[in-house]
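For reference, the structure is listed below as structure tokens.
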Protein chains: 2
Amino acid sequence: MKINEGVEWAVHCCLNLSWVAPDRTVTAAKLAAFYNLPTAYLNKQLQALGRAGIVSSISGPRGGFQLARRPEKITLMDVIAAIEGPEQAFRCTAIRQRGPAGDLDAADGYRKPCAVSQAMRTAEFVWRKELASRTVADIKAAVERSTPQAPARVRRWFDNSRT
Amino acid sequence: MKINEGVEWAVHCCLNLSWVAPDRTVTAAKLAAFYNLPTAYLNKQLQALGRAGIVSSISGPRGGFQLARRPEKITLMDVIAAIEGPEQAFRCTAIRQRGPAGDLDAADGYRKPCAVSQAMRTAEFVWRKELASRTVADIKAAVERSTPQAPARVRRWFDNSRT
DNA sequence: GAATAGGTACTCGGATAATGCCTGTCCGAGTCTAGTGGG
DNA sequence: CCCACTAGACTCGGACAGGCATTATCCGAGTACCTATTC
């Protein structure tokens, strides 16, 4: 059980995009250089964010990525769903129905839900709900509170790095 | 992000062990046959449960596994921790501190916690808490409520399968 | 001098390898049982 | 008849391969910009 590290990258990229001018585009290369990340792989993650409608991309010179919505409208759950895909972490393989034990279930036509699966899904649901309640704007505000100079610094770095 | 399917197997095995006589041992082969699972691999998961103190194992003829504590004392979190290991699902790789961006953090001696990591950990914590509040006994009760004949049937099957 | 056409450089986008973890399997160590021989 | 010993079989336990998802990389499609040429 491990969350793709692309999720961490994606959230940080959303933050950085929220600090540069809203209409400015930032290339994947710049975003990667900021954290010493592999450019092409980060680009892949940004593509996923694009497909999810979190960022919009522009090709060609002066192209790059920018947030497609306001940070208040981007939840951590959105980002995770974009990177990780729609699958649940816990996948019920219905082992109840395999082997001799299955007869009991078969008699019921598999109507009864699996209590194990239910409990796991409930737990996963509270996790998702918590993540859905946190927006990029919340994280942004938290960072600005603990490190007030961060936004200006990030903005300056991305401005200066433009040759 | 995917939970090892051994977790599902382990919980079902704990349930079955809770239904046979408390002092009876059940071999990994029997538990595997009940769901048509690969015996050796299930054995591996049961070993993990053993190391975590959830089941106890006895070698040799008439050996096998049995619950090491009462079902009320075994939470789903215990089982998951036993199978998945102690690692968190979200692992902060501290990308903040890598590359040019790191200078800002370095100036602070990395004192400020990463807001992204904090949010992810909070979400994971509610997940863990939910799982820690569900015991095997709870699942057991839920199954017995929806399928009252299950316990007797399981018990009978494991008794009969003893040649 | 202005406009246009062509070339060039730059960026995203998806297709293509390499790596690591999860899944699956195997054989050895230990232990209980049962049978056998002796007292 | 009872006991001790030995051989056997059975089970867990950890060490050893295979498959798939994640990680990483590369090259092509498309676009904007710049330049040179022409009116």
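Identifiers in this document derive from the order of the structure tokens: chains are assigned A, B, ..., residues are numbered from 1 separately in each chain, and ligands are numbered from 1 in order of occurrence.
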Closest contacts (chain A/chain B, max 8 Å, only C-alpha atoms) as a Markdown table:
```
| residue | atom | partner | partner_atom | distance |
| --- | --- | --- | --- | --- |
| A:Met1 | CA | B:Ile3 | CA | 4.8 |
| A:Lys2 | CA | B:Ala89 | CA | 4.3 |
| A:Ile3 | CA | B:Met1 | CA | 4.8 |
| A:Asn4 | CA | B:Met1 | CA | 6.6 |
| A:Glu5 | CA | B:Arg91 | CA | 7.4 |
| A:Glu8 | CA | B:Cys92 | CA | 7.3 |
| A:Trp9 | CA | B:Ile95 | CA | 7.8 |
| A:Val11 | CA | B:Val116 | CA | 7.3 |
| A:His12 | CA | B:Val116 | CA | 7.6 |
| A:Ala33 | CA | B:Gly99 | CA | 6.8 |
| A:Phe34 | CA | B:Pro100 | CA | 5.7 |
| A:Tyr35 | CA | B:Gly99 | CA | 4.6 |
| A:Asn36 | CA | B:Gly99 | CA | 4.9 |
| A:Glu84 | CA | B:Met1 | CA | 6.6 |
| A:Gln88 | CA | B:Lys2 | CA | 7.4 |
| A:Ala89 | CA | B:Lys2 | CA | 4.3 |
| A:Phe90 | CA | B:Ile3 | CA | 5.3 |
| A:Arg91 | CA | B:Glu5 | CA | 7.5 |
| A:Cys92 | CA | B:Glu8 | CA | 7.3 |
| A:Thr93 | CA | B:Glu5 | CA | 8.0 |
| A:Ile95 | CA | B:Tyr35 | CA | 5.8 |
| A:Arg96 | CA | B:Tyr35 | CA | 6.4 |
| A:Gln97 | CA | B:Tyr35 | CA | 7.5 |
| A:Arg98 | CA | B:Tyr35 | CA | 5.1 |
| A:Gly99 | CA | B:Tyr35 | CA | 4.6 |
| A:Pro100 | CA | B:Phe34 | CA | 5.7 |
| A:Ala101 | CA | B:Phe34 | CA | 5.8 |
| A:Gly102 | CA | B:Tyr35 | CA | 7.8 |
| A:Leu104 | CA | B:Ala150 | CA | 7.8 |
| A:Lys112 | CA | B:Ser146 | CA | 7.1 |
| A:Ala115 | CA | B:Ile139 | CA | 6.0 |
| A:Val116 | CA | B:Ile139 | CA | 6.5 |
| A:Ala119 | CA | B:Arg134 | CA | 7.6 |
| A:Met120 | CA | B:Leu131 | CA | 7.4 |
| A:Ala123 | CA | B:Trp127 | CA | 5.2 |
| A:Glu124 | CA | B:Trp127 | CA | 6.2 |
| A:Val126 | CA | B:Trp127 | CA | 6.2 |
| A:Trp127 | CA | B:Trp127 | CA | 5.1 |
| A:Arg128 | CA | B:Ala123 | CA | 7.6 |
| A:Glu130 | CA | B:Ala123 | CA | 5.4 |
| A:Leu131 | CA | B:Ala123 | CA | 6.0 |
| A:Arg134 | CA | B:Ala119 | CA | 7.6 |
| A:Ile139 | CA | B:Ala115 | CA | 6.0 |
| A:Ala142 | CA | B:Ala115 | CA | 6.6 |
| A:Val143 | CA | B:Ala115 | CA | 6.3 |
| A:Ser146 | CA | B:Lys112 | CA | 7.1 |
| A:Thr147 | CA | B:Lys112 | CA | 7.9 |
| A:Ala150 | CA | B:Leu104 | CA | 7.8 |
| A:Val154 | CA | B:Ala101 | CA | 7.8 |
```
Could the residues in this selection be saved with C-alpha atoms as a short mmCIF file (atom, residue, chain, number, x, y, z; two decimals), in the first residue's frame?
```cif
data_model
loop_
_atom_site.label_atom_id
_atom_site.label_comp_id
_atom_site.auth_asym_id
_atom_site.auth_seq_id
_atom_site.Cartn_x
_atom_site.Cartn_y
_atom_site.Cartn_z
CA MET A 1 0.00 0.00 0.00
CA LYS A 2 1.80 3.04 -1.24
CA ILE A 3 0.56 6.24 -2.81
CA ASN A 4 2.29 7.19 -6.04
CA GLU A 5 4.87 9.82 -5.34
CA GLU A 8 3.16 14.74 -3.84
CA TRP A 9 4.69 16.31 -6.91
CA VAL A 11 0.15 18.99 -5.18
CA HIS A 12 3.35 21.00 -4.92
CA ALA A 33 13.83 22.06 -12.10
CA PHE A 34 12.36 23.72 -9.03
CA TYR A 35 12.51 20.40 -7.17
CA ASN A 36 15.12 18.52 -9.21
CA GLU A 84 -4.03 7.37 -8.94
CA GLN A 88 -10.37 1.94 -4.66
CA ALA A 89 -7.34 1.00 -2.57
CA PHE A 90 -9.15 -2.01 -1.14
CA ARG A 91 -10.49 -4.33 -3.79
CA CYS A 92 -12.88 -7.03 -2.74
CA THR A 93 -12.02 -10.14 -4.71
CA ILE A 95 -13.09 -14.86 -2.03
CA ARG A 96 -16.23 -15.83 -0.15
CA GLN A 97 -17.64 -17.11 -3.37
CA ARG A 98 -14.64 -19.17 -4.33
CA GLY A 99 -14.20 -22.70 -3.15
CA PRO A 100 -16.47 -24.77 -0.93
CA ALA A 101 -17.50 -21.76 1.09
CA GLY A 102 -19.16 -20.27 -1.93
CA LEU A 104 -23.54 -20.73 1.11
CA LYS A 112 -25.59 -10.27 1.16
CA ALA A 115 -19.05 -7.30 5.80
CA VAL A 116 -15.28 -7.17 5.45
CA ALA A 119 -15.84 -2.05 6.72
CA MET A 120 -12.84 -1.42 4.53
CA ALA A 123 -12.73 3.51 6.28
CA GLU A 124 -11.61 4.45 2.83
CA VAL A 126 -13.70 8.77 5.56
CA TRP A 127 -10.21 9.09 4.11
CA ARG A 128 -11.60 10.34 0.83
CA GLU A 130 -11.19 14.21 4.62
CA LEU A 131 -9.14 14.74 1.47
CA ARG A 134 -8.95 20.11 1.88
CA ILE A 139 -2.66 24.33 1.86
CA ALA A 142 -1.23 27.30 5.64
CA VAL A 143 2.10 27.72 3.91
CA SER A 146 4.01 29.61 8.40
CA THR A 147 6.33 30.99 5.71
CA ALA A 150 7.31 31.78 0.27
CA VAL A 154 8.48 31.19 -5.60
#
```
Closest pair table for chain D residues within 7 Å of chain B, only C-alpha atoms (C1' of nucleotides), as CSV:
```
residue,atom,partner,partner_atom,distance
D:DC10,C1',B:Pro61,CA,4.7
D:DT11,C1',B:Gly60,CA,4.3
D:DC12,C1',B:Ser59,CA,5.2
```
Save the residues we just selected, C-alpha atoms (C1' of nucleotides), as a tab-separated table (two decimals), in the first residue's frame?
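Full text of result-v3.tsv as output:
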```tsv
chain	number	residue	atom	x	y	z
D	10	DC	C1'	2.95	-33.57	9.04
D	11	DT	C1'	3.21	-28.46	9.79
D	12	DC	C1'	5.22	-24.09	10.02
```
(request) Kindly give the distance, in Å, that separates CA of Val55 in chain A and C1' of DA32 in chain D, rounded to a single decimal. (result) 20.5 Å
Counting only C-alpha atoms (C1' of nucleotides), what are the residues of chain C within 7 Å of chain A, and for each of them which pair of atoms is the nearest and at what distance in Å, to one decimal? Sort the table by chain and rising number, as CSV.
```
residue,atom,partner,partner_atom,distance
C:DC10,C1',A:Pro61,CA,4.7
C:DT11,C1',A:Gly60,CA,4.3
C:DC12,C1',A:Ser59,CA,5.1
```
(request) Take CA of Pro38 in chain B and CA of Leu17 in chain B and report the distance between them in Å, one decimal. (result) 18.0 Å
(request) For DG19 in chain D, work out the shell of residues within 12 Å, counting only C-alpha atoms (C1' of nucleotides) and skipping chain neighbours fewer than 3 positions away, then give it as a ChimeraX atom specification. (result) /C:20-24
(request) Write out as a ChimeraX atom specification the residues lying within 9 Å of range 13-18 of chain C, counting only C-alpha atoms (C1' of nucleotides) and excluding same-chain residues fewer than 6 positions away. (result) /A:44,47 /D:23-29
(message) If you run DSSP on the backbone here, which positions in range 12-102 of chain A get helix (DSSP H, G or I)? Please write them as a ChimeraX atom specification.
(response) /A:12-19,28-35,39-51,71-73,76-84,95-97,102
(request) Run DSSP on the backbone and grab whatever in chain A lands in strand (DSSP E); send it over as a list in words. (result)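 So, restricting chain A to strand (DSSP E), we get Val55, Ser56, Ser57, Ile58, Gly64, Phe65, Gln66 and Leu67 of chain A.
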(request) Give me, please, the distance in Å between C1' of DC26 in chain C and CA of Asn160 in chain B, quoted to one decimal. (result) 28.9 Å
